[in-house]
file model-v3.cif (mmCIF, C-alpha atoms)
data_protein
#
loop_
_atom_site.group_PDB
_atom_site.id
_atom_site.type_symbol
_atom_site.label_atom_id
_atom_site.label_comp_id
_atom_site.auth_asym_id
_atom_site.auth_seq_id
_atom_site.Cartn_x
_atom_site.Cartn_y
_atom_site.Cartn_z
ATOM 1 C CA MET A 1 16.263 69.723 21.842
ATOM 2 C CA ALA A 2 17.178 69.151 18.219
ATOM 3 C CA THR A 3 15.773 66.085 16.468
ATOM 4 C CA LEU A 4 17.985 63.573 14.690
ATOM 5 C CA SER A 5 17.130 63.493 10.991
ATOM 6 C CA PRO A 6 15.554 60.276 9.651
ATOM 7 C CA THR A 7 18.336 60.311 7.026
ATOM 8 C CA ALA A 8 21.154 60.585 9.603
ATOM 9 C CA LEU A 9 24.156 58.440 8.674
ATOM 10 C CA THR A 10 25.480 57.892 12.194
ATOM 11 C CA THR A 11 24.370 57.883 15.820
ATOM 12 C CA VAL A 12 24.867 60.179 18.796
ATOM 13 C CA ALA A 13 26.593 57.328 20.640
ATOM 14 C CA ASP A 14 29.192 56.855 17.904
ATOM 15 C CA VAL A 15 29.955 60.567 17.694
ATOM 16 C CA LYS A 16 30.316 60.748 21.477
ATOM 17 C CA GLU A 17 32.788 57.867 21.380
ATOM 18 C CA SER A 18 34.757 59.622 18.649
ATOM 19 C CA MET A 19 34.868 62.757 20.787
ATOM 20 C CA GLY A 20 35.823 60.891 23.952
ATOM 21 C CA ILE A 21 32.582 61.843 25.699
ATOM 22 C CA PRO A 22 31.044 59.282 28.116
ATOM 23 C CA SER A 23 27.717 57.950 26.885
ATOM 24 C CA SER A 24 26.115 59.101 30.153
ATOM 25 C CA ASP A 25 27.136 62.722 29.552
ATOM 26 C CA GLY A 26 24.251 64.414 27.774
ATOM 27 C CA THR A 27 25.453 67.995 28.012
ATOM 28 C CA LYS A 28 26.420 68.159 24.328
ATOM 29 C CA ASP A 29 23.658 65.958 22.910
ATOM 30 C CA ASN A 30 21.772 68.841 21.293
ATOM 31 C CA LEU A 31 24.927 70.104 19.580
ATOM 32 C CA ILE A 32 25.932 66.608 18.440
ATOM 33 C CA ILE A 33 22.484 65.955 16.944
ATOM 34 C CA ARG A 34 22.655 69.230 15.015
ATOM 35 C CA LYS A 35 26.127 68.402 13.732
ATOM 36 C CA ILE A 36 25.126 64.871 12.702
ATOM 37 C CA ASN A 37 22.324 66.380 10.627
ATOM 38 C CA GLN A 38 24.771 68.899 9.151
ATOM 39 C CA ALA A 39 27.385 66.232 8.406
ATOM 40 C CA THR A 40 24.757 64.036 6.745
ATOM 41 C CA LEU A 41 23.719 66.876 4.426
ATOM 42 C CA MET A 42 27.345 67.664 3.622
ATOM 43 C CA ILE A 43 27.975 64.038 2.659
ATOM 44 C CA GLU A 44 24.795 63.854 0.579
ATOM 45 C CA ARG A 45 25.778 66.999 -1.308
ATOM 46 C CA TYR A 46 29.360 65.837 -1.762
ATOM 47 C CA THR A 47 28.317 62.449 -3.175
ATOM 48 C CA GLY A 48 25.174 63.624 -4.962
ATOM 49 C CA ARG A 49 23.195 60.809 -3.320
ATOM 50 C CA LYS A 50 20.823 59.954 -0.505
ATOM 51 C CA PHE A 51 21.556 56.772 1.422
ATOM 52 C CA LYS A 52 18.808 55.795 3.872
ATOM 53 C CA ALA A 53 16.194 53.443 2.422
ATOM 54 C CA ALA A 54 13.084 55.388 1.392
ATOM 55 C CA ASP A 55 10.203 55.366 -1.083
ATOM 56 C CA TYR A 56 10.450 57.503 -4.214
ATOM 57 C CA THR A 57 8.084 58.509 -7.005
ATOM 58 C CA GLU A 58 9.987 59.879 -9.990
ATOM 59 C CA TYR A 59 9.285 60.949 -13.552
ATOM 60 C CA TYR A 60 11.673 60.720 -16.487
ATOM 61 C CA ASP A 61 11.665 61.966 -20.061
ATOM 62 C CA GLY A 62 11.645 59.546 -22.952
ATOM 63 C CA GLY A 63 14.864 58.692 -24.780
ATOM 64 C CA GLU A 64 16.291 56.915 -27.784
ATOM 65 C CA LYS A 65 17.427 53.890 -25.816
ATOM 66 C CA GLY A 66 15.663 51.752 -23.267
ATOM 67 C CA GLU A 67 18.042 52.458 -20.407
ATOM 68 C CA LEU A 68 16.977 54.322 -17.296
ATOM 69 C CA THR A 69 19.442 55.445 -14.616
ATOM 70 C CA LEU A 70 17.534 56.095 -11.416
ATOM 71 C CA ARG A 71 18.395 58.946 -9.077
ATOM 72 C CA ASN A 72 18.587 56.661 -6.041
ATOM 73 C CA TYR A 73 20.159 53.260 -5.459
ATOM 74 C CA PRO A 74 20.622 50.463 -4.538
ATOM 75 C CA VAL A 75 17.082 49.540 -5.541
ATOM 76 C CA ASN A 76 15.263 47.385 -3.007
ATOM 77 C CA SER A 77 11.942 47.032 -4.783
ATOM 78 C CA ILE A 78 9.864 48.502 -7.600
ATOM 79 C CA ALA A 79 6.197 49.102 -6.845
ATOM 80 C CA SER A 80 5.327 50.219 -10.374
ATOM 81 C CA PHE A 81 6.899 51.271 -13.665
ATOM 82 C CA SER A 82 4.600 52.905 -16.187
ATOM 83 C CA TYR A 83 4.401 55.191 -19.227
ATOM 84 C CA ARG A 84 2.119 58.141 -19.977
ATOM 85 C CA ASN A 85 -0.630 56.931 -22.277
ATOM 86 C CA VAL A 86 -1.848 60.369 -23.360
ATOM 87 C CA THR A 87 -0.125 63.151 -25.272
ATOM 88 C CA ASP A 88 -1.146 65.983 -22.956
ATOM 89 C CA ASN A 89 -0.233 66.665 -19.325
ATOM 90 C CA GLU A 90 -2.658 64.298 -17.611
ATOM 91 C CA ASP A 91 -1.887 61.889 -14.811
ATOM 92 C CA SER A 92 -2.748 58.875 -16.914
ATOM 93 C CA PHE A 93 -0.241 56.015 -17.029
ATOM 94 C CA SER A 94 -0.216 52.387 -18.158
ATOM 95 C CA SER A 95 1.905 49.715 -16.533
ATOM 96 C CA TYR A 96 5.009 48.560 -18.364
ATOM 97 C CA ASP A 97 5.424 44.793 -18.422
ATOM 98 C CA THR A 98 8.155 43.609 -16.047
ATOM 99 C CA ARG A 99 9.129 40.995 -18.629
ATOM 100 C CA ASP A 100 10.258 43.784 -20.966
ATOM 101 C CA TYR A 101 13.140 45.083 -18.857
ATOM 102 C CA PHE A 102 15.966 43.980 -16.625
ATOM 103 C CA ILE A 103 17.224 45.734 -13.505
ATOM 104 C CA ASP A 104 20.682 46.180 -12.021
ATOM 105 C CA SER A 105 19.582 46.771 -8.424
ATOM 106 C CA THR A 106 23.035 47.706 -7.159
ATOM 107 C CA ALA A 107 23.599 50.425 -9.758
ATOM 108 C CA GLY A 108 19.946 51.473 -10.048
ATOM 109 C CA ILE A 109 19.763 50.917 -13.815
ATOM 110 C CA LEU A 110 16.775 49.583 -15.755
ATOM 111 C CA GLN A 111 17.550 48.105 -19.168
ATOM 112 C CA GLY A 112 14.672 47.539 -21.596
ATOM 113 C CA ILE A 113 14.552 45.106 -24.477
ATOM 114 C CA GLY A 114 13.449 47.986 -26.711
ATOM 115 C CA SER A 115 13.498 51.769 -26.861
ATOM 116 C CA TRP A 116 11.555 53.856 -24.375
ATOM 117 C CA TRP A 117 10.343 56.789 -26.435
ATOM 118 C CA GLY A 118 8.275 59.698 -25.197
ATOM 119 C CA GLY A 119 8.310 63.339 -24.281
ATOM 120 C CA TYR A 120 8.639 65.239 -21.022
ATOM 121 C CA ASP A 121 7.944 63.125 -17.904
ATOM 122 C CA SER A 122 6.700 60.234 -20.033
ATOM 123 C CA TRP A 123 7.875 57.544 -17.634
ATOM 124 C CA LYS A 124 6.900 57.118 -13.995
ATOM 125 C CA ILE A 125 8.500 54.815 -11.463
ATOM 126 C CA VAL A 126 7.558 54.186 -7.834
ATOM 127 C CA TYR A 127 10.271 52.353 -5.953
ATOM 128 C CA ASN A 128 12.222 51.911 -2.721
ATOM 129 C CA ALA A 129 15.957 52.550 -2.716
ATOM 130 C CA GLY A 130 18.802 53.046 -0.277
ATOM 131 C CA TYR A 131 20.450 51.146 2.558
ATOM 132 C CA ALA A 132 18.440 49.602 5.366
ATOM 133 C CA THR A 133 21.733 49.508 7.278
ATOM 134 C CA ILE A 134 24.280 52.204 6.467
ATOM 135 C CA PRO A 135 27.654 50.671 5.422
ATOM 136 C CA ASP A 136 30.241 50.801 8.205
ATOM 137 C CA ASP A 137 32.735 52.994 6.347
ATOM 138 C CA LEU A 138 30.058 55.522 5.420
ATOM 139 C CA ALA A 139 28.701 55.643 8.979
ATOM 140 C CA GLU A 140 32.236 56.085 10.339
ATOM 141 C CA ALA A 141 32.918 58.910 7.891
ATOM 142 C CA CYS A 142 29.807 60.715 9.082
ATOM 143 C CA ALA A 143 30.750 60.154 12.734
ATOM 144 C CA SER A 144 34.221 61.605 12.128
ATOM 145 C CA LEU A 145 32.810 64.622 10.285
ATOM 146 C CA ALA A 146 30.142 65.256 12.934
ATOM 147 C CA ALA A 147 32.756 64.972 15.703
ATOM 148 C CA TYR A 148 34.980 67.480 13.916
ATOM 149 C CA LEU A 149 32.085 69.919 13.458
ATOM 150 C CA SER A 150 31.065 69.536 17.099
ATOM 151 C CA ASN A 151 34.594 70.149 18.364
ATOM 152 C CA SER A 152 35.064 73.121 16.027
ATOM 153 C CA ASN A 153 31.843 74.619 17.344
ATOM 154 C CA THR A 154 32.867 74.333 21.007
ATOM 155 C CA SER A 155 36.519 75.390 20.732
ATOM 156 C CA SER A 156 37.618 79.003 20.378
ATOM 157 C CA GLY A 157 39.421 79.676 17.101
ATOM 158 C CA GLY A 158 39.462 76.005 16.109
ATOM 159 C CA THR A 159 39.843 72.745 17.954
ATOM 160 C CA GLY A 160 43.421 73.100 19.142
ATOM 161 C CA ILE A 161 43.611 69.310 19.005
ATOM 162 C CA LYS A 162 45.585 67.473 16.339
ATOM 163 C CA SER A 163 44.345 63.968 17.086
ATOM 164 C CA LYS A 164 42.525 61.892 19.652
ATOM 165 C CA GLN A 165 42.143 58.137 20.043
ATOM 166 C CA GLU A 166 39.553 56.333 22.123
ATOM 167 C CA GLY A 167 39.840 52.562 21.859
ATOM 168 C CA GLN A 168 39.766 51.600 18.200
ATOM 169 C CA ARG A 169 38.505 54.994 17.060
ATOM 170 C CA LYS A 170 40.880 57.729 15.977
ATOM 171 C CA ILE A 171 39.996 61.160 14.667
ATOM 172 C CA GLU A 172 42.193 64.033 13.579
ATOM 173 C CA TYR A 173 41.189 67.670 13.840
ATOM 174 C CA PHE A 174 42.405 70.705 11.964
ATOM 175 C CA ASP A 175 42.404 74.348 12.924
ATOM 176 C CA PRO A 176 40.282 76.124 10.284
ATOM 177 C CA SER A 177 41.963 79.433 11.177
ATOM 178 C CA SER A 178 45.449 78.167 10.365
ATOM 179 C CA SER A 179 47.265 79.484 7.321
ATOM 180 C CA GLY A 180 46.654 77.594 4.136
ATOM 181 C CA SER A 181 43.279 76.264 5.257
ATOM 182 C CA VAL A 182 40.508 76.313 2.674
ATOM 183 C CA THR A 183 36.885 76.865 3.545
ATOM 184 C CA GLY A 184 33.983 74.805 2.246
ATOM 185 C CA ALA A 185 32.501 71.357 2.809
ATOM 186 C CA ASP A 186 34.689 69.672 0.191
ATOM 187 C CA SER A 187 37.888 71.013 1.758
ATOM 188 C CA ILE A 188 36.835 69.890 5.245
ATOM 189 C CA ILE A 189 36.066 66.429 3.926
ATOM 190 C CA SER A 190 39.452 66.384 2.188
ATOM 191 C CA GLN A 191 41.324 67.648 5.266
ATOM 192 C CA LEU A 192 39.805 64.901 7.368
ATOM 193 C CA GLY A 193 40.845 62.293 4.789
ATOM 194 C CA LEU A 194 37.229 61.280 4.174
ATOM 195 C CA ASP A 195 37.269 61.899 0.432
ATOM 196 C CA ASP A 196 38.816 58.483 -0.249
ATOM 197 C CA ILE A 197 35.791 56.867 1.402
ATOM 198 C CA LEU A 198 33.105 59.177 0.061
ATOM 199 C CA ASP A 199 34.437 59.171 -3.503
ATOM 200 C CA THR A 200 33.526 55.478 -3.730
ATOM 201 C CA TYR A 201 29.898 56.453 -3.088
ATOM 202 C CA ALA A 202 29.842 59.538 -5.314
ATOM 203 C CA ASP A 203 27.313 59.571 -8.123
ATOM 204 C CA ILE A 204 29.390 60.429 -11.186
ATOM 205 C CA GLY A 205 26.721 59.458 -13.684
ATOM 206 C CA PHE A 206 23.437 61.121 -14.569
ATOM 207 C CA SER A 207 19.801 60.258 -14.118
ATOM 208 C CA GLY A 208 17.294 59.671 -16.886
ATOM 209 C CA LEU A 209 16.566 57.723 -20.008
ATOM 210 C CA ARG A 210 19.243 57.463 -22.627
#
call {"tool": "encode", "arguments": {"input": "model-v3.cif", "output": "structure tokens"}}
result
Amino acid sequence: MATLSPTALTTVADVKESMGIPSSDGTKDNLIIRKINQATLMIERYTGRKFKAADYTEYYDGGEKGELTLRNYPVNSIASFSYRNVTDNEDSFSSYDTRDYFIDSTAGILQGIGSWWGGYDSWKIVYNAGYATIPDDLAEACASLAAYLSNSNTSSGGTGIKSKQEGQRKIEYFDPSSSGSVTGADSIISQLGLDDILDTYADIGFSGLR
């Protein structure tokens, strides 16, 4: 049996509901778990972000300005922020005073009151970032994508189903073998109409000091 990834953005129950499978029917559970993991990776690659809350230790080069854009956000807490206090490649860092910078937790940006100079990997930050609870629209997008991938995997030559509605949930499927279809994760996400949701989470900036 496949194992649901700790970073999974939806649940087996939600994907089953999207597919119209009774919760008591476990015949496709292994497939659904695999497709949830696949859909989660596709969304992470599409947006350039990770979403589940986790601890990170990251290093950044020095820059002309005291502004650091972290790779992961929203920021839940900062365990330490420090700078390399030697010129060579030794793991020797001194703490940077919390009074000398501000943080935009939502955007994951640290703004210092002065410049943060230094060379390669001069700055080290240990922090926790991500969502403790995945936002509803993001979880629903992953459920829809995982349901599509599961149906595509179990149907010969494509799903053969245009749309299905179970209660408040509705999902549309597309035949990947049809003329005019385009392969690739981005095209699948676009075909399913999930790009409008995922684009709001896409990381269009860059990480590092600037």
call {"tool": "residues_around", "arguments": {"input": "model-v3.cif", "residues": "A:Phe93", "least_positions_apart": "6", "cutoff": "6 Å", "atoms": "all atoms listed in the file", "output": "list in words"}}
result
Ser82, Tyr83, Arg84 and Asn85 of chain A
call {"tool": "closest_residue", "arguments": {"input": "model-v3.cif", "among": "A:Ser122, A:Ser187, A:Gln111, A:Thr11", "to": "A:Ser94", "atoms": "all atoms listed in the file"}}
result
A:Ser122
call {"tool": "resolve_selection", "arguments": {"input": "model-v3.cif", "expression": "the PyMOL selection byres ((chain A and resi 22-31) around 9)", "output": "list in words"}}
result
Met1, Ala2, Thr3, Val12, Ala13, Lys16, Glu17, Met19, Gly20, Ile21, Ile32, Ile33, Arg34, Lys35, Ile36, Ser150 and Asn153 of chain A
call {"tool": "atom_distance", "arguments": {"input": "model-v3.cif", "atom1": "atom CA of A:Gln191", "atom2": "atom CA of A:Thr40"}}
result
17.0 Å
call {"tool": "residues_around", "arguments": {"input": "model-v3.cif", "residues": "A:Arg99", "least_positions_apart": "2", "cutoff": "10 Å", "atoms": "all atoms listed in the file", "output": "VMD selection string"}}
result
chain A and resid 96 to 97 101 to 102 112 to 113
call {"tool": "residues_around", "arguments": {"input": "model-v3.cif", "residues": "A:Thr47", "least_positions_apart": "2", "cutoff": "6 Å", "atoms": "only C-alpha atoms", "output": "PyMOL selection string"}}
result
chain A and resi 44-45+49+202-203
call {"tool": "resolve_selection", "arguments": {"input": "model-v3.cif", "expression": "the PyMOL selection byres ((chain A and resi 60-73) around 6)", "output": "PyMOL selection string"}}
result
chain A and resi 59+74-75+108-112+114-123+129-130+207-210
call {"tool": "write_last_selection", "arguments": {"input": "model-v3.cif", "atoms": "C-alpha atoms", "output": "mmCIF file, in the coordinates of the input"}}
result
data_model
loop_
_atom_site.group_PDB
_atom_site.id
_atom_site.type_symbol
_atom_site.label_atom_id
_atom_site.label_comp_id
_atom_site.auth_asym_id
_atom_site.auth_seq_id
_atom_site.Cartn_x
_atom_site.Cartn_y
_atom_site.Cartn_z
ATOM 1 C CA TYR A 59 9.285 60.949 -13.552
ATOM 2 C CA PRO A 74 20.622 50.463 -4.538
ATOM 3 C CA VAL A 75 17.082 49.540 -5.541
ATOM 4 C CA GLY A 108 19.946 51.473 -10.048
ATOM 5 C CA ILE A 109 19.763 50.917 -13.815
ATOM 6 C CA LEU A 110 16.775 49.583 -15.755
ATOM 7 C CA GLN A 111 17.550 48.105 -19.168
ATOM 8 C CA GLY A 112 14.672 47.539 -21.596
ATOM 9 C CA GLY A 114 13.449 47.986 -26.711
ATOM 10 C CA SER A 115 13.498 51.769 -26.861
ATOM 11 C CA TRP A 116 11.555 53.856 -24.375
ATOM 12 C CA TRP A 117 10.343 56.789 -26.435
ATOM 13 C CA GLY A 118 8.275 59.698 -25.197
ATOM 14 C CA GLY A 119 8.310 63.339 -24.281
ATOM 15 C CA TYR A 120 8.639 65.239 -21.022
ATOM 16 C CA ASP A 121 7.944 63.125 -17.904
ATOM 17 C CA SER A 122 6.700 60.234 -20.033
ATOM 18 C CA TRP A 123 7.875 57.544 -17.634
ATOM 19 C CA ALA A 129 15.957 52.550 -2.716
ATOM 20 C CA GLY A 130 18.802 53.046 -0.277
ATOM 21 C CA SER A 207 19.801 60.258 -14.118
ATOM 22 C CA GLY A 208 17.294 59.671 -16.886
ATOM 23 C CA LEU A 209 16.566 57.723 -20.008
ATOM 24 C CA ARG A 210 19.243 57.463 -22.627
#
call {"tool": "atom_distance", "arguments": {"input": "model-v3.cif", "atom1": "atom CA of A:Asn76", "atom2": "atom CA of A:Lys124"}}
result
16.9 Å
call {"tool": "atom_distance", "arguments": {"input": "model-v3.cif", "atom1": "atom CA of A:Asp196", "atom2": "atom CA of A:Ala143"}}
result
15.4 Å
call {"tool": "resolve_selection", "arguments": {"input": "model-v3.cif", "expression": "the PyMOL selection byres ((chain A and resi 195) around 12)", "output": "VMD selection string"}}
result
chain A and resid 42 to 43 46 to 47 137 to 138 141 to 142 145 185 to 194 196 to 202
call {"tool": "decode", "arguments": {"input": "model-v3.cif", "residues": "stretch 40-53 of chain A", "atoms": "all heavy atoms", "output": "PDB file, in the first residue's frame"}}
result
ATOM      1  N   THR A  40       0.130  16.646  -5.667  1.00  0.00           N
ATOM      2  CA  THR A  40       0.800  17.581  -4.762  1.00  0.00           C
ATOM      3  C   THR A  40       2.119  18.059  -5.352  1.00  0.00           C
ATOM      4  O   THR A  40       2.425  19.261  -5.340  1.00  0.00           O
ATOM      5  CB  THR A  40       1.044  16.922  -3.396  1.00  0.00           C
ATOM      6  OG1 THR A  40      -0.217  16.602  -2.782  1.00  0.00           O
ATOM      7  CG2 THR A  40       1.824  17.838  -2.468  1.00  0.00           C
ATOM      8  N   LEU A  41       2.912  17.147  -5.900  1.00  0.00           N
ATOM      9  CA  LEU A  41       4.182  17.523  -6.519  1.00  0.00           C
ATOM     10  C   LEU A  41       3.964  18.412  -7.736  1.00  0.00           C
ATOM     11  O   LEU A  41       4.700  19.384  -7.956  1.00  0.00           O
ATOM     12  CB  LEU A  41       4.957  16.269  -6.919  1.00  0.00           C
ATOM     13  CG  LEU A  41       5.615  15.495  -5.778  1.00  0.00           C
ATOM     14  CD1 LEU A  41       6.195  14.180  -6.299  1.00  0.00           C
ATOM     15  CD2 LEU A  41       6.697  16.327  -5.101  1.00  0.00           C
ATOM     16  N   MET A  42       2.950  18.100  -8.529  1.00  0.00           N
ATOM     17  CA  MET A  42       2.652  18.918  -9.702  1.00  0.00           C
ATOM     18  C   MET A  42       2.304  20.341  -9.291  1.00  0.00           C
ATOM     19  O   MET A  42       2.745  21.313  -9.917  1.00  0.00           O
ATOM     20  CB  MET A  42       1.501  18.296 -10.490  1.00  0.00           C
ATOM     21  CG  MET A  42       1.874  17.015 -11.217  1.00  0.00           C
ATOM     22  SD  MET A  42       0.444  16.134 -11.906  1.00  0.00           S
ATOM     23  CE  MET A  42      -0.115  17.321 -13.152  1.00  0.00           C
ATOM     24  N   ILE A  43       1.523  20.485  -8.239  1.00  0.00           N
ATOM     25  CA  ILE A  43       1.131  21.816  -7.764  1.00  0.00           C
ATOM     26  C   ILE A  43       2.328  22.557  -7.181  1.00  0.00           C
ATOM     27  O   ILE A  43       2.513  23.761  -7.412  1.00  0.00           O
ATOM     28  CB  ILE A  43      -0.007  21.695  -6.732  1.00  0.00           C
ATOM     29  CG1 ILE A  43      -1.297  21.267  -7.437  1.00  0.00           C
ATOM     30  CG2 ILE A  43      -0.212  23.008  -5.981  1.00  0.00           C
ATOM     31  CD1 ILE A  43      -2.447  20.953  -6.494  1.00  0.00           C
ATOM     32  N   GLU A  44       3.177  21.844  -6.438  1.00  0.00           N
ATOM     33  CA  GLU A  44       4.368  22.487  -5.883  1.00  0.00           C
ATOM     34  C   GLU A  44       5.292  22.985  -6.989  1.00  0.00           C
ATOM     35  O   GLU A  44       5.852  24.083  -6.896  1.00  0.00           O
ATOM     36  CB  GLU A  44       5.102  21.505  -4.971  1.00  0.00           C
ATOM     37  CG  GLU A  44       4.392  21.232  -3.661  1.00  0.00           C
ATOM     38  CD  GLU A  44       5.119  20.230  -2.788  1.00  0.00           C
ATOM     39  OE1 GLU A  44       6.057  19.556  -3.289  1.00  0.00           O
ATOM     40  OE2 GLU A  44       4.764  20.111  -1.599  1.00  0.00           O
ATOM     41  N   ARG A  45       5.453  22.182  -8.040  1.00  0.00           N
ATOM     42  CA  ARG A  45       6.310  22.593  -9.144  1.00  0.00           C
ATOM     43  C   ARG A  45       5.680  23.736  -9.941  1.00  0.00           C
ATOM     44  O   ARG A  45       6.386  24.640 -10.401  1.00  0.00           O
ATOM     45  CB  ARG A  45       6.588  21.392 -10.053  1.00  0.00           C
ATOM     46  CG  ARG A  45       7.504  20.360  -9.408  1.00  0.00           C
ATOM     47  CD  ARG A  45       7.506  19.054 -10.160  1.00  0.00           C
ATOM     48  NE  ARG A  45       8.371  18.070  -9.521  1.00  0.00           N
ATOM     49  CZ  ARG A  45       8.302  16.765  -9.732  1.00  0.00           C
ATOM     50  NH1 ARG A  45       7.413  16.277 -10.571  1.00  0.00           N
ATOM     51  NH2 ARG A  45       9.118  15.946  -9.100  1.00  0.00           N
ATOM     52  N   TYR A  46       4.389  23.695 -10.105  1.00  0.00           N
ATOM     53  CA  TYR A  46       3.695  24.746 -10.852  1.00  0.00           C
ATOM     54  C   TYR A  46       3.813  26.087 -10.129  1.00  0.00           C
ATOM     55  O   TYR A  46       4.039  27.130 -10.751  1.00  0.00           O
ATOM     56  CB  TYR A  46       2.219  24.373 -11.020  1.00  0.00           C
ATOM     57  CG  TYR A  46       1.404  25.388 -11.783  1.00  0.00           C
ATOM     58  CD1 TYR A  46       1.315  25.345 -13.176  1.00  0.00           C
ATOM     59  CD2 TYR A  46       0.713  26.396 -11.120  1.00  0.00           C
ATOM     60  CE1 TYR A  46       0.569  26.278 -13.877  1.00  0.00           C
ATOM     61  CE2 TYR A  46      -0.034  27.333 -11.812  1.00  0.00           C
ATOM     62  CZ  TYR A  46      -0.108  27.270 -13.191  1.00  0.00           C
ATOM     63  OH  TYR A  46      -0.846  28.208 -13.872  1.00  0.00           O
ATOM     64  N   THR A  47       3.641  26.075  -8.808  1.00  0.00           N
ATOM     65  CA  THR A  47       3.649  27.317  -8.032  1.00  0.00           C
ATOM     66  C   THR A  47       5.043  27.714  -7.573  1.00  0.00           C
ATOM     67  O   THR A  47       5.281  28.870  -7.208  1.00  0.00           O
ATOM     68  CB  THR A  47       2.759  27.182  -6.785  1.00  0.00           C
ATOM     69  OG1 THR A  47       3.239  26.084  -5.983  1.00  0.00           O
ATOM     70  CG2 THR A  47       1.315  26.927  -7.182  1.00  0.00           C
ATOM     71  N   GLY A  48       5.986  26.755  -7.577  1.00  0.00           N
ATOM     72  CA  GLY A  48       7.318  27.045  -7.077  1.00  0.00           C
ATOM     73  C   GLY A  48       7.376  27.160  -5.569  1.00  0.00           C
ATOM     74  O   GLY A  48       8.286  27.791  -5.018  1.00  0.00           O
ATOM     75  N   ARG A  49       6.406  26.510  -4.874  1.00  0.00           N
ATOM     76  CA  ARG A  49       6.329  26.626  -3.419  1.00  0.00           C
ATOM     77  C   ARG A  49       6.021  25.283  -2.777  1.00  0.00           C
ATOM     78  O   ARG A  49       5.483  24.382  -3.423  1.00  0.00           O
ATOM     79  CB  ARG A  49       5.209  27.590  -3.007  1.00  0.00           C
ATOM     80  CG  ARG A  49       5.419  29.022  -3.337  1.00  0.00           C
ATOM     81  CD  ARG A  49       4.220  29.843  -2.910  1.00  0.00           C
ATOM     82  NE  ARG A  49       3.939  29.723  -1.480  1.00  0.00           N
ATOM     83  CZ  ARG A  49       2.875  30.263  -0.878  1.00  0.00           C
ATOM     84  NH1 ARG A  49       1.996  30.941  -1.595  1.00  0.00           N
ATOM     85  NH2 ARG A  49       2.685  30.128   0.413  1.00  0.00           N
ATOM     86  N   LYS A  50       6.318  25.185  -1.487  1.00  0.00           N
ATOM     87  CA  LYS A  50       5.807  24.114  -0.643  1.00  0.00           C
ATOM     88  C   LYS A  50       4.794  24.748   0.299  1.00  0.00           C
ATOM     89  O   LYS A  50       4.890  25.936   0.615  1.00  0.00           O
ATOM     90  CB  LYS A  50       6.935  23.438   0.131  1.00  0.00           C
ATOM     91  CG  LYS A  50       7.905  22.680  -0.778  1.00  0.00           C
ATOM     92  CD  LYS A  50       8.915  21.916   0.037  1.00  0.00           C
ATOM     93  CE  LYS A  50       9.894  21.160  -0.848  1.00  0.00           C
ATOM     94  NZ  LYS A  50       9.214  20.115  -1.656  1.00  0.00           N
ATOM     95  N   PHE A  51       3.820  23.953   0.769  1.00  0.00           N
ATOM     96  CA  PHE A  51       2.700  24.560   1.484  1.00  0.00           C
ATOM     97  C   PHE A  51       2.490  24.057   2.915  1.00  0.00           C
ATOM     98  O   PHE A  51       2.057  24.821   3.766  1.00  0.00           O
ATOM     99  CB  PHE A  51       1.409  24.341   0.691  1.00  0.00           C
ATOM    100  CG  PHE A  51       1.412  25.025  -0.644  1.00  0.00           C
ATOM    101  CD1 PHE A  51       1.772  24.354  -1.794  1.00  0.00           C
ATOM    102  CD2 PHE A  51       1.088  26.374  -0.753  1.00  0.00           C
ATOM    103  CE1 PHE A  51       1.791  24.991  -3.031  1.00  0.00           C
ATOM    104  CE2 PHE A  51       1.105  27.026  -1.968  1.00  0.00           C
ATOM    105  CZ  PHE A  51       1.464  26.331  -3.117  1.00  0.00           C
ATOM    106  N   LYS A  52       2.786  22.798   3.180  1.00  0.00           N
ATOM    107  CA  LYS A  52       2.586  22.275   4.529  1.00  0.00           C
ATOM    108  C   LYS A  52       3.608  22.881   5.485  1.00  0.00           C
ATOM    109  O   LYS A  52       4.787  23.033   5.142  1.00  0.00           O
ATOM    110  CB  LYS A  52       2.711  20.755   4.543  1.00  0.00           C
ATOM    111  CG  LYS A  52       1.463  19.988   4.132  1.00  0.00           C
ATOM    112  CD  LYS A  52       0.384  20.079   5.209  1.00  0.00           C
ATOM    113  CE  LYS A  52      -0.815  19.199   4.911  1.00  0.00           C
ATOM    114  NZ  LYS A  52      -0.560  17.764   5.092  1.00  0.00           N
ATOM    115  N   ALA A  53       3.172  23.228   6.687  1.00  0.00           N
ATOM    116  CA  ALA A  53       4.070  23.804   7.680  1.00  0.00           C
ATOM    117  C   ALA A  53       5.212  22.839   7.986  1.00  0.00           C
ATOM    118  O   ALA A  53       4.992  21.647   8.223  1.00  0.00           O
ATOM    119  CB  ALA A  53       3.297  24.135   8.957  1.00  0.00           C
TER     120      ALA A  53
END
